[in-house]
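The next block holds one structure in the form of structure tokens; read it before the comments.
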Amino acid sequence: MVHAAEGASGIDRIALIGNFLPRKCGLATYTTDTFTALRGRYPDMAVDVYAMDDHPGLYDYPSDVTMSIADQDPAAYLAAARAIETSGAKAIWLQHEYGIFGGAAGEYILTLLDRVSIPVIVTLHTILEKPNADQRRVMEGLLRRASRIVVMAERGREILERVYGASGRAIVMIPHGVPDRDFVAPDTLKGRFGWEGRKVVLTFGLLAPNKGIETLIAAMPAIAESNPDVLYAVLGATHPNLVAQEGEKYRDRLKALAADLGVAQHVQFIDAFLEHDELIGYLQAADVYATPYSNPAQITSGTLSYAVGVGKAVVSTPYVHATEILADGHGVLVDFGDSAAFAREINLLLGSERNRTRLSQRAYARGRTMIWPVLAERAIHEIMTMIAAKPQRLSKSGIAPAALKPDFAAVERMSDSTGMLQHSIYSVPDRRHGYCIDDNVRALMLLTRMDEVDETTRDKWMTIYESFIQYAWNPDVSRFRNFMNFDRTWCEEFGSEDSNGRTLWALGITARDAKLAKHRDWAMAMFDMTASLALDLGSPRAHAFCMLGAAAVLDAHPGHVMAKQILVRFADELLALLAVARRPEWEWFEIVLAYDNARLPEAMIRAGQALKRDDLIKSGSDTLDWIIARQTSPEGRFRAVGTESFGRAYAEPLPFDQQPLEAQATVDACVTAFEVTGEKRWVDEAQRAYRWYLGQNDLDLPLATSADGGCFDGLMPTGLNRNQGAESILALQLASCAISALSKSAQTVAGPSSAVA
């Protein structure tokens, strides 16, 4: 936590996005309270409010609102992004709730975040454990963009990690803010509301069926029998969406239920959306606060937080937020829909002022840790941290950076006696995620290409990676497994088609290029034993990987029957796919873009070379030209097809997230095109793609860590993904080997006087 004496360390402006008063909803209240807390705690920091607007022109926003964003207008999000970028804001603090942003599951907010370069912190007000496809896509988009994710309950952290694969390092738990008020005896305030002489049970919030008010009304006969002076006050306007659908029918049904049970005189409905101070007054005047909510998965409840903040004895159903905030004797939990249990626990509290006061004081003590100034300090601390972590961009220069020498150090760092580990946290291997065959076959291919490794080291690691591949073969299903736990147990009986295709590719390369005969012999034997699996694969990329391996086998063993069969069949199938998917503006094998795109034209060129078919070489060259055009920014730099582009039919690629794998695939494909055609332009394209690693990219940030052979995991909209997983490290090193070999080859072709830079 930031101490009161500390300031915001140079953060002179932030942008706050969310609903805002006078819009009537809990999120508007939360955002407004957040704004007030920030301004009170950091008076020298400007807080620009960008208010989401569901009825443009309806709300009379205060001058504190910098701009309103019409939630169904995509152009409004772009305008807000431009305003934020030009404002000098150091960070964006986004309040996220489904239903307040336009597009499928609120996807328009991602459009805004795509077009800003400053760090983003997101407070999640709803975290769905079972999202639909659109909700998952939007949440994963937020997780990719945000430097910090704020949850208000630890269960939120668990769901984000388990359901969405979020990185726990980016998640911070900051409880819902509460007002800073003195602890007062309820009887001193009851006169303000006409409650003199009454024992008051209160529920407040926008009225809707999921609030469980029926459960409390059904409990009132038993409560009134023990406490004839009891009053159950239901405070809050009906939810605007419900009013739009059916008017006040729900409120009327609740009143009718109270009348039918004979407790109408014990139930008071207060239909109002109250100002902040008046709302707190109602809370302080109540004896018991009840939240009979019916949704077990509710992650946050501002109403419950406020009740705890002013020191109420709370009786609640055990939804997620209640179980956390009321834990350790800070409140009372009863089962969902259990009116008898509510009656029993409320009667116990109303019947003992001593016990009720003691529970209230415990709740109040917990509330002191949740007051708005504390929330503001914790949030600004996280914002300061993420701003400090934002990497500095390189200055733009017309001088091409020098290619890096291949370096095995980072690969060795990520490897152990089992094989190469998949993931890392920064540069430190993360053993929790174990191994995969994809990375081990890439590492094996690297060792066949890297001249800089001494032979003892090469032999040691090739043997380890080969052993992993050998152990991955499952003869019962004639497939390679892919994912292995750190304890060397397999996660599956067989891996993906692409992982099997990539394994055959590595076996072919090793059979041709390994320095020692023992490794070539092993790889050839494994290829002969397993290559028939290729004929059962359906993925175009799996076909391309198999073709690359088969072409290498034919180089080493001309006339190899299975290798030739793979090349002929899959080359013709890719030609057929191209014919079906082709449009005047779309020269590609599929109607969508995905990962490792350049491998498809590379495989066609290799197949054409091996089979002596000019039609395949031309098809590969044409499609490589086409994909390169889509991988070029307006400034002429390489722009890897972003992962967000995947699966979008006949759509131009999106720029983020850019992965090192794409640059390596493009380098390799261009090297292949140069080797086969001799055209100098492919040298230029290969080098342009390679310089992406060195900082000639959209963000002017180097991904390669030249001191240790490492590579960051990708370019995000706001900077680098600073983890260094196996795939990224291998992509850089394989690309460095390819560029090194290309430079020598191009110099030989061009002659010393016209050597390639």
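Identifiers in the structure tokens: chain A, B, ... in order shown; residue index from 1 per chain; ligand index from 1 in order shown.
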Could you name the residues that touch A:Ala91 at 7 Å or less, counting only C-alpha atoms, but leaving out those on the same chain fewer than 2 positions away, as number ranges by chain? A: 14-15, 89, 93, 118-120
Listing only residues of stretch 314-392 of chain A within 10 Å of stretch 159-176 of chain A, what is the closest atom pair and its distance in Å (to one decimal) for each, using only C-alpha atoms, sorted by chain and residue number ascending, as a tab-separated table?
residue	atom	partner	partner_atom	distance
A:His321	CA	A:Pro175	CA	9.7
A:Ile325	CA	A:Pro175	CA	8.8
A:Gly367	CA	A:Pro175	CA	9.7
A:Thr369	CA	A:Pro175	CA	8.6
A:Met370	CA	A:Pro175	CA	6.1
A:Ile371	CA	A:His176	CA	8.4
A:Trp372	CA	A:His176	CA	8.4
A:Val374	CA	A:Ile174	CA	9.2
A:Leu375	CA	A:Ile174	CA	6.7
A:Ala376	CA	A:Ile174	CA	9.7
A:Arg378	CA	A:Ile174	CA	7.4
A:Ala379	CA	A:Ile174	CA	7.9
A:Glu382	CA	A:Val172	CA	8.4
A:Met386	CA	A:Ala170	CA	9.5
Those same residues, written as a CSV table (one decimal), in the first residue's frame with all heavy atoms?
chain,number,residue,atom,x,y,z
A,321,HIS,N,-18.8,-13.2,-3.0
A,321,HIS,CA,-18.3,-12.0,-2.3
A,321,HIS,C,-18.6,-12.1,-0.8
A,321,HIS,O,-17.8,-11.8,0.0
A,321,HIS,CB,-18.9,-10.8,-2.9
A,321,HIS,CG,-18.2,-9.5,-2.5
A,321,HIS,ND1,-18.8,-8.3,-2.5
A,321,HIS,CD2,-17.0,-9.3,-1.9
A,321,HIS,CE1,-18.0,-7.3,-2.0
A,321,HIS,NE2,-16.9,-7.9,-1.7
A,325,ILE,N,-15.9,-11.7,2.3
A,325,ILE,CA,-15.9,-10.5,3.1
A,325,ILE,C,-16.4,-10.7,4.5
A,325,ILE,O,-16.1,-10.1,5.5
A,325,ILE,CB,-16.7,-9.3,2.4
A,325,ILE,CG1,-16.4,-8.0,3.0
A,325,ILE,CG2,-18.2,-9.6,2.5
A,325,ILE,CD1,-17.0,-6.8,2.2
A,367,GLY,N,-14.2,-3.1,7.6
A,367,GLY,CA,-14.4,-2.0,6.6
A,367,GLY,C,-13.4,-0.9,6.6
A,367,GLY,O,-13.2,-0.2,5.6
A,369,THR,N,-10.3,-1.3,6.3
A,369,THR,CA,-9.3,-1.7,5.3
A,369,THR,C,-9.8,-1.5,3.9
A,369,THR,O,-9.1,-1.7,2.9
A,369,THR,CB,-8.9,-3.2,5.5
A,369,THR,OG1,-10.1,-4.0,5.2
A,369,THR,CG2,-8.5,-3.5,6.9
A,370,MET,N,-11.1,-1.0,3.7
A,370,MET,CA,-11.7,-1.0,2.4
A,370,MET,C,-12.1,0.5,2.0
A,370,MET,O,-12.8,0.6,1.0
A,370,MET,CB,-12.9,-1.9,2.4
A,370,MET,CG,-12.6,-3.3,2.6
A,370,MET,SD,-14.1,-4.3,3.2
A,370,MET,CE,-15.2,-3.9,1.8
A,371,ILE,N,-11.8,1.4,2.9
A,371,ILE,CA,-12.3,2.8,2.6
A,371,ILE,C,-11.7,3.3,1.3
A,371,ILE,O,-10.6,2.9,0.8
A,371,ILE,CB,-12.0,3.7,3.8
A,371,ILE,CG1,-10.5,3.8,4.0
A,371,ILE,CG2,-12.8,3.3,5.0
A,371,ILE,CD1,-10.1,4.8,5.1
A,372,TRP,N,-12.4,4.2,0.6
A,372,TRP,CA,-12.0,4.7,-0.7
A,372,TRP,C,-10.6,5.3,-0.8
A,372,TRP,O,-9.9,5.0,-1.8
A,372,TRP,CB,-13.0,5.8,-1.2
A,372,TRP,CG,-14.3,5.2,-1.6
A,372,TRP,CD1,-15.5,5.2,-1.0
A,372,TRP,CD2,-14.6,4.4,-2.8
A,372,TRP,NE1,-16.5,4.6,-1.7
A,372,TRP,CE2,-15.9,4.0,-2.8
A,372,TRP,CE3,-13.8,4.0,-3.8
A,372,TRP,CZ2,-16.5,3.3,-3.8
A,372,TRP,CZ3,-14.3,3.2,-4.9
A,372,TRP,CH2,-15.7,2.9,-4.9
A,374,VAL,N,-8.0,4.2,0.7
A,374,VAL,CA,-7.1,3.0,0.6
A,374,VAL,C,-7.2,2.4,-0.8
A,374,VAL,O,-6.1,2.1,-1.4
A,374,VAL,CB,-7.5,2.0,1.7
A,374,VAL,CG1,-6.7,0.7,1.5
A,374,VAL,CG2,-7.3,2.6,3.1
A,375,LEU,N,-8.4,2.3,-1.3
A,375,LEU,CA,-8.5,1.8,-2.7
A,375,LEU,C,-7.7,2.7,-3.7
A,375,LEU,O,-7.0,2.2,-4.5
A,375,LEU,CB,-10.0,1.8,-3.1
A,375,LEU,CG,-10.3,1.3,-4.5
A,375,LEU,CD1,-11.6,0.5,-4.6
A,375,LEU,CD2,-10.4,2.5,-5.5
A,376,ALA,N,-7.9,4.0,-3.5
A,376,ALA,CA,-7.1,4.9,-4.4
A,376,ALA,C,-5.6,4.7,-4.3
A,376,ALA,O,-4.9,4.7,-5.4
A,376,ALA,CB,-7.5,6.4,-4.1
A,378,ARG,N,-3.9,2.0,-3.3
A,378,ARG,CA,-3.5,0.7,-3.9
A,378,ARG,C,-3.5,0.8,-5.4
A,378,ARG,O,-2.7,0.2,-6.1
A,378,ARG,CB,-4.4,-0.4,-3.3
A,378,ARG,CG,-4.2,-0.6,-1.8
A,378,ARG,CD,-4.9,-1.8,-1.4
A,378,ARG,NE,-4.3,-3.0,-2.0
A,378,ARG,CZ,-4.8,-4.3,-1.9
A,378,ARG,NH1,-5.9,-4.5,-1.1
A,378,ARG,NH2,-4.3,-5.3,-2.5
A,379,ALA,N,-4.6,1.4,-6.0
A,379,ALA,CA,-4.7,1.4,-7.4
A,379,ALA,C,-3.5,2.3,-8.0
A,379,ALA,O,-2.9,1.9,-9.0
A,379,ALA,CB,-6.0,2.0,-7.8
A,382,GLU,N,-0.4,0.4,-8.1
A,382,GLU,CA,-0.3,-0.6,-9.3
A,382,GLU,C,-0.1,0.2,-10.6
A,382,GLU,O,0.7,-0.3,-11.4
A,382,GLU,CB,-1.6,-1.4,-9.4
A,382,GLU,CG,-1.8,-2.3,-8.2
A,382,GLU,CD,-0.7,-3.3,-8.0
A,382,GLU,OE1,-0.1,-3.7,-9.0
A,382,GLU,OE2,-0.5,-3.8,-6.9
A,386,MET,N,3.1,-0.4,-13.2
A,386,MET,CA,3.0,-0.8,-14.6
A,386,MET,C,3.6,0.3,-15.5
A,386,MET,O,4.1,0.0,-16.6
A,386,MET,CB,1.5,-1.1,-14.9
A,386,MET,CG,0.6,0.0,-15.0
A,386,MET,SD,-1.1,-0.6,-15.2
A,386,MET,CE,-2.0,0.9,-15.7
Determine, counting only C-alpha atoms, which protein, DNA and RNA residues have an atom within 12 Å of an atom of A:Leu616; residues of the same chain fewer than 6 positions away are not included. Present the result as a VMD selection string. chain A and resid 567 to 568 570 to 576 578 600 to 610 622 to 624 673 676
All residues 7 Å or closer to stretch 183-185 of chain A, only C-alpha atoms, same chain fewer than 3 positions away omitted, as a ChimeraX atom specification: /A:188,284,310-311
May I have the residues from that selection written out with N, CA and C atoms, as a PDB file, in the first residue's frame?
ATOM      1  N   THR A 188     -29.772   6.433  17.021  1.00  0.00           N
ATOM      2  CA  THR A 188     -29.562   7.886  16.975  1.00  0.00           C
ATOM      3  C   THR A 188     -29.969   8.494  15.642  1.00  0.00           C
ATOM      4  N   GLN A 284     -26.709   3.416   8.139  1.00  0.00           N
ATOM      5  CA  GLN A 284     -26.305   3.577   9.533  1.00  0.00           C
ATOM      6  C   GLN A 284     -27.491   3.454  10.486  1.00  0.00           C
ATOM      7  N   VAL A 310     -19.847   0.586   7.036  1.00  0.00           N
ATOM      8  CA  VAL A 310     -20.409   1.417   8.109  1.00  0.00           C
ATOM      9  C   VAL A 310     -20.690   0.607   9.367  1.00  0.00           C
ATOM     10  N   GLY A 311     -20.348  -0.703   9.324  1.00  0.00           N
ATOM     11  CA  GLY A 311     -20.449  -1.505  10.539  1.00  0.00           C
ATOM     12  C   GLY A 311     -21.823  -2.077  10.803  1.00  0.00           C
TER      13      GLY A 311
END
Name all residues at most 12 Å from stretch 338-348 of chain A (count only C-alpha atoms; drop same-chain ones fewer than 6 positions away) and give them as a count of residues only. 45
State, in Å with one decimal place, the distance from atom CA of A:Arg115 to atom CA of A:Leu21.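 Computing the Euclidean distance for atom CA of A:Arg115 and atom CA of A:Leu21 yields 26.6 Å.
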Contacts of A:Ile299 within 9 Å, only C-alpha atoms, excl. fewer than 4 positions in-chain, as an MDAnalysis selection string: chainID A and resid 125:128 151:156 319:322
